[in-house]
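What follows is the content of target_2.txt (compact mmCIF, C-alpha atoms).
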```txt
# COMPACT_ATOMS: atom_id res chain seq x y z
CA MET D 1 23.34 1.17 13.66
CA SER D 2 22.48 3.59 10.85
CA ASN D 3 21.00 2.39 7.58
CA PRO D 4 23.44 1.94 4.68
CA ALA D 5 23.33 4.89 2.28
CA PRO D 6 21.65 4.05 -1.04
CA LEU D 7 23.71 4.21 -4.20
CA LEU D 8 23.06 7.07 -6.60
CA HIS D 9 21.00 4.92 -8.96
CA ASP D 10 18.87 3.72 -6.02
CA LEU D 11 17.75 7.22 -4.99
CA LEU D 12 14.09 8.09 -5.10
CA HIS D 13 13.76 11.08 -7.44
CA ASP D 14 11.13 13.77 -7.10
CA HIS D 15 7.98 13.39 -9.19
CA LEU D 16 5.31 16.07 -9.02
CA LEU D 17 3.50 14.96 -12.17
CA ASP D 18 2.75 11.26 -12.12
CA PRO D 19 0.01 9.06 -13.65
CA SER D 20 -0.88 7.55 -10.25
CA GLY D 21 -0.37 10.63 -8.09
CA GLY D 22 0.96 14.13 -8.41
CA LEU D 23 -1.09 17.27 -8.81
CA ILE D 24 -4.11 15.57 -10.38
CA TYR D 25 -4.37 13.21 -7.43
CA HIS D 26 -4.12 16.07 -4.92
CA LEU D 27 -6.90 17.93 -6.73
CA ARG D 28 -9.06 14.81 -6.65
CA ALA D 29 -8.36 14.42 -2.94
CA MET D 30 -9.46 18.01 -2.29
CA ARG D 31 -12.71 17.31 -4.10
CA TYR D 32 -13.56 13.76 -3.01
CA ARG D 33 -11.78 12.69 0.19
CA HIS D 34 -14.53 13.82 2.60
CA GLY D 35 -17.37 12.51 0.45
CA LEU D 36 -16.91 10.02 -2.36
CA TRP D 37 -13.74 8.50 -0.87
CA ALA D 38 -14.93 8.38 2.75
CA PRO D 39 -16.30 4.79 2.75
CA PHE D 40 -13.06 3.45 1.26
CA HIS D 41 -10.95 5.40 3.75
CA ALA D 42 -13.08 3.92 6.53
CA SER D 43 -12.20 0.43 5.26
CA VAL D 44 -8.49 1.31 5.23
CA ALA D 45 -8.77 2.64 8.79
CA GLU D 46 -10.39 -0.64 9.89
CA TRP D 47 -7.65 -2.69 8.22
CA LEU D 48 -4.84 -0.63 9.73
CA GLY D 49 -6.48 -0.65 13.15
CA ALA D 50 -6.45 -4.45 13.12
CA TRP D 51 -2.84 -4.65 11.87
CA GLN D 52 -0.53 -5.01 14.86
CA PRO D 53 2.95 -5.82 13.51
CA ARG D 54 4.59 -5.39 16.95
CA ARG D 55 7.55 -3.48 15.59
CA PRO D 56 8.69 -0.12 16.98
CA ARG D 57 9.67 1.12 13.51
CA LEU D 58 7.55 1.48 10.38
CA VAL D 59 8.47 2.14 6.76
CA ILE D 60 5.63 3.44 4.57
CA VAL D 61 6.21 2.99 0.85
CA GLY D 62 4.27 5.44 -1.30
CA PRO D 63 2.07 7.14 1.33
CA ASN D 64 1.42 10.18 -0.86
CA ALA D 65 0.01 12.83 1.53
CA GLY D 66 -1.48 10.19 3.81
CA TYR D 67 -5.04 10.91 2.75
CA ALA D 68 -6.10 7.33 3.50
CA LEU D 69 -4.10 6.96 6.73
CA PRO D 70 -6.37 7.41 9.77
CA ALA D 71 -5.61 10.09 12.34
CA GLY D 72 -3.10 8.90 14.91
CA PHE D 73 -1.80 6.00 12.84
CA ILE D 74 1.76 7.32 12.48
CA GLN D 75 2.20 7.91 16.20
CA ARG D 76 1.55 4.23 16.92
CA PHE D 77 5.25 3.69 16.11
CA ASP D 78 8.40 5.03 17.73
CA SER D 79 9.76 6.08 14.34
CA VAL D 80 8.33 6.13 10.84
CA SER D 81 10.27 6.44 7.58
CA ALA D 82 8.36 7.41 4.43
CA LEU D 83 9.53 6.70 0.88
CA GLU D 84 7.56 9.19 -1.20
CA PRO D 85 8.70 10.85 -4.48
CA ASP D 86 6.08 13.63 -4.54
CA PRO D 87 7.47 16.79 -2.84
CA LEU D 88 4.00 18.29 -2.31
CA ALA D 89 2.82 15.04 -0.74
CA ARG D 90 5.83 15.06 1.60
CA TRP D 91 5.04 18.64 2.63
CA LEU D 92 1.41 17.76 3.36
CA LEU D 93 2.31 14.55 5.19
CA ARG D 94 4.76 16.41 7.41
CA ARG D 95 1.94 18.73 8.52
CA ARG D 96 -0.16 15.92 10.03
CA PRO D 97 -0.66 16.25 13.80
CA ASP D 98 0.66 12.70 14.34
CA ALA D 99 3.85 13.18 12.25
CA ALA D 100 6.32 14.02 15.03
CA ALA D 101 8.21 10.73 14.55
CA LEU D 102 8.11 10.91 10.74
CA SER D 103 11.18 11.22 8.52
CA PHE D 104 11.62 11.00 4.75
CA GLU D 105 14.22 8.81 3.11
CA ARG D 106 15.31 8.34 -0.49
CA LEU D 107 15.61 4.63 -1.23
CA ASP D 108 13.89 3.69 -4.51
CA CYS D 109 12.73 0.16 -3.76
CA LEU D 110 10.15 -0.39 -6.51
CA THR D 111 11.75 0.24 -9.91
CA ARG D 112 14.71 -2.17 -9.80
CA PRO D 113 14.58 -5.99 -9.66
CA ASP D 114 16.61 -5.96 -6.42
CA GLY D 115 14.65 -3.07 -4.91
CA LEU D 116 12.79 -5.09 -2.29
CA ALA D 117 16.02 -6.86 -1.32
CA ARG D 118 17.59 -3.44 -0.71
CA LEU D 119 14.51 -2.40 1.28
CA ALA D 120 14.83 -5.47 3.49
CA ALA D 121 18.55 -4.85 4.05
CA ALA D 122 18.10 -1.15 4.80
CA TYR D 123 15.33 -1.71 7.37
CA PRO D 124 15.91 -5.13 8.93
CA ASP D 125 13.87 -4.45 12.06
CA ALA D 126 10.97 -2.47 10.59
CA ALA D 127 7.40 -3.28 9.68
CA ILE D 128 6.60 -2.20 6.12
CA LEU D 129 3.35 -0.74 4.78
CA PHE D 130 2.82 -0.48 1.04
CA SER D 131 0.26 2.31 0.82
CA ASN D 132 -1.76 1.63 -2.33
CA VAL D 133 1.38 1.71 -4.43
CA LEU D 134 2.09 -1.82 -5.71
CA GLY D 135 -0.94 -1.84 -7.96
CA GLN D 136 0.13 1.48 -9.43
CA ILE D 137 3.71 0.49 -10.28
CA LYS D 138 4.44 -2.52 -12.44
CA ALA D 139 6.80 -5.09 -10.94
CA PRO D 140 10.32 -4.61 -12.37
CA ALA D 141 10.75 -8.40 -12.65
CA GLU D 142 8.38 -11.37 -12.49
CA ASN D 143 5.50 -10.12 -10.32
CA TRP D 144 4.93 -8.51 -6.92
CA PRO D 145 3.75 -11.67 -5.09
CA THR D 146 6.94 -13.48 -6.11
CA LEU D 147 9.22 -10.57 -5.20
CA LEU D 148 7.53 -10.05 -1.83
CA ALA D 149 7.80 -13.73 -0.94
CA ARG D 150 11.44 -13.85 -1.99
CA HIS D 151 12.75 -10.69 -0.33
CA LEU D 152 10.41 -9.79 2.55
CA GLY D 153 9.61 -13.19 4.02
CA GLY D 154 11.35 -12.21 7.27
CA HIS D 155 9.51 -8.89 7.63
CA ALA D 156 6.10 -7.99 8.93
CA TRP D 157 4.44 -6.20 6.04
CA ALA D 158 1.02 -5.15 4.88
CA SER D 159 -0.33 -3.73 1.65
CA TYR D 160 -3.52 -2.32 0.26
CA HIS D 161 -3.39 -2.17 -3.51
CA ASP D 162 -5.49 -1.94 -6.65
CA VAL D 163 -6.47 -5.29 -8.13
CA ILE D 164 -8.49 -3.95 -11.06
CA SER D 165 -9.95 -0.67 -12.21
CA THR D 166 -12.96 -0.16 -14.43
CA ALA D 167 -15.51 2.37 -15.59
CA ARG D 168 -18.39 -0.01 -14.90
CA PRO D 169 -20.20 0.68 -11.60
CA PRO D 170 -20.48 -2.36 -9.31
CA GLN D 171 -23.83 -3.80 -8.27
CA GLN D 172 -22.58 -4.73 -4.77
CA ARG D 173 -20.54 -2.13 -2.90
CA GLN D 174 -19.99 -3.55 0.58
CA THR D 175 -16.51 -4.64 1.69
CA ARG D 176 -15.91 -8.38 1.52
CA THR D 177 -13.73 -10.93 3.25
CA LEU D 178 -13.19 -14.18 1.37
CA ALA D 179 -12.07 -17.11 3.49
CA GLU D 180 -9.71 -18.32 0.78
CA PRO D 181 -8.29 -16.98 -2.48
CA HIS D 182 -10.66 -16.96 -5.45
CA SER D 183 -9.91 -16.59 -9.13
CA LEU D 184 -10.10 -13.06 -10.47
CA GLU D 185 -13.40 -13.83 -12.19
CA ALA D 186 -14.91 -15.29 -9.00
CA THR D 187 -13.62 -12.38 -6.94
CA LEU D 188 -15.16 -9.82 -9.28
CA ALA D 189 -18.48 -11.69 -9.21
CA HIS D 190 -18.91 -10.61 -5.58
CA PHE D 191 -19.14 -7.00 -6.80
CA TRP D 192 -20.11 -7.04 -10.49
CA THR D 193 -22.86 -9.30 -11.79
CA GLY D 194 -24.00 -9.96 -15.32
CA GLY D 195 -21.95 -9.48 -18.44
CA GLU D 196 -18.30 -8.87 -19.14
CA ILE D 197 -16.25 -6.09 -17.55
CA ALA D 198 -13.81 -3.92 -19.46
CA LEU D 199 -11.03 -3.48 -16.93
CA THR D 200 -7.39 -2.81 -16.22
CA ASP D 201 -5.71 -5.69 -14.37
CA HIS D 202 -3.13 -4.31 -11.92
CA GLU D 203 -1.58 -7.80 -11.45
CA THR D 204 -1.71 -7.83 -7.66
CA LEU D 205 -4.39 -10.43 -6.91
CA HIS D 206 -3.53 -12.58 -3.86
CA LEU D 207 -0.48 -10.53 -2.99
CA GLY D 208 -0.40 -12.10 0.46
CA GLY D 209 -0.50 -15.69 -0.77
CA LYS D 210 -2.89 -18.38 0.46
CA GLN D 211 -4.70 -16.43 3.16
CA SER D 212 -8.14 -14.94 3.58
CA CYS D 213 -8.61 -11.97 1.26
CA ARG D 214 -10.28 -8.67 2.11
CA TYR D 215 -11.61 -6.28 -0.51
CA ALA D 216 -13.10 -2.80 -0.68
CA LEU D 217 -14.29 -0.63 -3.54
CA TRP D 218 -12.79 2.77 -4.18
CA PRO D 219 -14.58 5.13 -6.57
CA ILE D 220 -11.59 7.31 -7.38
CA THR D 221 -13.94 9.47 -9.49
CA PRO D 222 -17.69 9.15 -10.04
CA LYS D 223 -16.88 7.33 -13.29
CA ARG D 224 -13.90 5.16 -12.28
CA TRP D 225 -13.94 2.30 -9.77
CA HIS D 226 -11.03 0.42 -8.22
CA LEU D 227 -11.19 -2.90 -6.40
CA VAL D 228 -8.63 -2.78 -3.60
CA GLU D 229 -7.21 -5.80 -1.79
CA TRP D 230 -5.76 -5.86 1.73
CA ALA D 231 -2.90 -8.30 2.40
CA VAL D 232 -0.83 -8.98 5.51
CA HIS D 233 2.31 -11.04 6.02
CA THR D 234 3.45 -12.10 9.47
CA PRO D 235 6.89 -13.78 9.49
CA SER D 236 7.40 -17.05 11.26
CA PRO D 237 9.74 -16.96 14.29
CA ARG D 238 12.43 -18.70 12.25
CA THR D 239 12.46 -16.08 9.51
CA SER D 240 11.68 -12.93 11.51
CA THR D 241 14.40 -10.28 11.39
CA GLY D 242 12.81 -7.88 13.85
CA VAL D 243 12.56 -7.78 17.63
CA LEU D 244 9.09 -7.89 19.13
CA SER D 245 8.06 -5.11 21.44
CA GLY D 246 5.25 -4.88 23.94
```
Please render this file's structure as structure tokens.
Amino acid sequence: MSNPAPLLHDLLHDHLLDPSGGLIYHLRAMRYRHGLWAPFHASVAEWLGAWQPRRPRLVIVGPNAGYALPAGFIQRFDSVSALEPDPLARWLLRRRPDAAALSFERLDCLTRPDGLARLAAAYPDAAILFSNVLGQIKAPAENWPTLLARHLGGHAWASYHDVISTARPPQQRQTRTLAEPHSLEATLAHFWTGGEIALTDHETLHLGGKQSCRYALWPITPKRWHLVEWAVHTPSPRTSTGVLSG
């Protein structure tokens, strides 16, 4: 059965200039992805390698050009749909060697209060990966943890997302796994010690609920640091909408 066509106001419109992506981000990627960003991308590759949603179909929300996606990741799935507003990013993503099963679709699932509900209805059998996008876009209602729990409880989903960003360099730079959720202050203390931190709170802490929390640092420039959280949701058999494979 084909996916229902989105309404006109639900279409994802092209954005080449964007505060969290666009041309500036592509220029940064050209400069930093093989050096400054490499440790963070290695953490993302480890997270994605361990994520086994057991779904033949994947939807990637906000992949940009796939700079952080490890080689071969896309071909793990029978089909992959990407929701990406940047036309240059789509062109670059299409050129990946593992992109044979990739298609681009136009549902805008992040800017309307019912966006995640529409995402769930459009892709009932798919796993969903939010590719460092939820911390960049403010939730259109309430907050992202609440919306995810309400609308995607029956889906296998994963997200890596900015928790905070700051100009202050961290004292500890190794990735961390915390056995249980910590407060924001206690979480930051694993990376920054001594004194207050001037920061931007991206309002995504504990996106996956009461589970162990994994964190990595991403120096997006030599003078700007992001703390990125990895969250995974596995639906219970009673709420799962997909069919397991393998």
Any idea what the distance is between CA of Trp157 (chain D) and CA of Ile60 (chain D)?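 So the two atoms, CA of Trp157 (chain D) and CA of Ile60 (chain D), lie 9.8 Å apart.
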Do a neighbour search on Leu102 (chain D) at 7 Å with all atoms listed in the file, toss out local chain neighbours closer than 6 positions, and write the hits as number ranges by chain. D: 79-81
Go ahead and write the selection's residues with C-alpha atoms as a compact mmCIF listing (two decimals), in the coordinates of the input.
```
# COMPACT_ATOMS: atom_id res chain seq x y z
CA SER D 79 9.76 6.08 14.34
CA VAL D 80 8.33 6.13 10.84
CA SER D 81 10.27 6.44 7.58
```
Would you kindly return, as an mmCIF file with C-alpha atoms, keeping the file's coordinate frame, each protein, DNA or RNA residue with an atom no farther than 6 Å from any atom of region 51-58 of chain D, considering all atoms listed in the file and excluding same-chain residues fewer than 2 positions away?
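Saved the output as around-v9.cif:
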```cif
data_model
loop_
_atom_site.group_PDB
_atom_site.id
_atom_site.type_symbol
_atom_site.label_atom_id
_atom_site.label_comp_id
_atom_site.auth_asym_id
_atom_site.auth_seq_id
_atom_site.Cartn_x
_atom_site.Cartn_y
_atom_site.Cartn_z
ATOM 1 C CA LEU D 48 -4.840 -0.630 9.730
ATOM 2 C CA GLY D 49 -6.480 -0.650 13.150
ATOM 3 C CA PHE D 77 5.250 3.690 16.110
ATOM 4 C CA ASP D 78 8.400 5.030 17.730
ATOM 5 C CA SER D 79 9.760 6.080 14.340
ATOM 6 C CA VAL D 80 8.330 6.130 10.840
ATOM 7 C CA ALA D 126 10.970 -2.470 10.590
ATOM 8 C CA ALA D 127 7.400 -3.280 9.680
ATOM 9 C CA ILE D 128 6.600 -2.200 6.120
ATOM 10 C CA ALA D 156 6.100 -7.990 8.930
ATOM 11 C CA LEU D 244 9.090 -7.890 19.130
ATOM 12 C CA SER D 245 8.060 -5.110 21.440
#
```
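Taking CA of Phe191 (chain D) as the reference point, CA of Trp144 (chain D) is found at 24.1 Å.
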So the first atom is CA of His41 (chain D) and the second is CA of Ala68 (chain D); what is the distance between them in Å, to one decimal place? 5.2 Å
Kindly indicate which residue among D:Thr187, D:Leu27, D:Arg96, D:Ile137 lies nearest to Phe73 (chain D), using all atoms listed in the file for the distances. D:Arg96
Dig up all the protein and nucleic acid residues within 12 Å of (17.1, -7.1, 1.1) in the file frame, using all atoms listed in the file, and format them as number ranges by chain. D: 4, 109, 113-125, 147-155, 241
Kindly list the centre and edge lengths in Å, rounded to one decimal, for the axis-aligned box that covers all listed atoms of region 187-200 of chain D plus 8 Å on each of its six sides, as JSON.
```
{"center_x": -15.7, "center_y": -7.6, "center_z": -12.5, "size_x": 32.6, "size_y": 25.6, "size_z": 29.9}
```
Give me the residues within 8 Å of region 226-234 of chain D as a PyMOL selection string, counting only C-alpha atoms and dropping any in the same chain fewer than 6 places off. chain D and resi 47+51+53+153+155-166+205-208+213-220
With all atoms listed in the file as the atoms that count, which of D:Leu107, D:Ala99, D:Pro170, D:Ala82 lies nearest to Leu129 (chain D)?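 The answer is D:Ala82, which sits nearest to Leu129 (chain D).
Compared by their closest atoms to Pro39 (chain D), and using only C-alpha atoms, the residues D:Thr175, D:Phe104, D:Gly209, D:Glu180 rank with D:Thr175 nearest.
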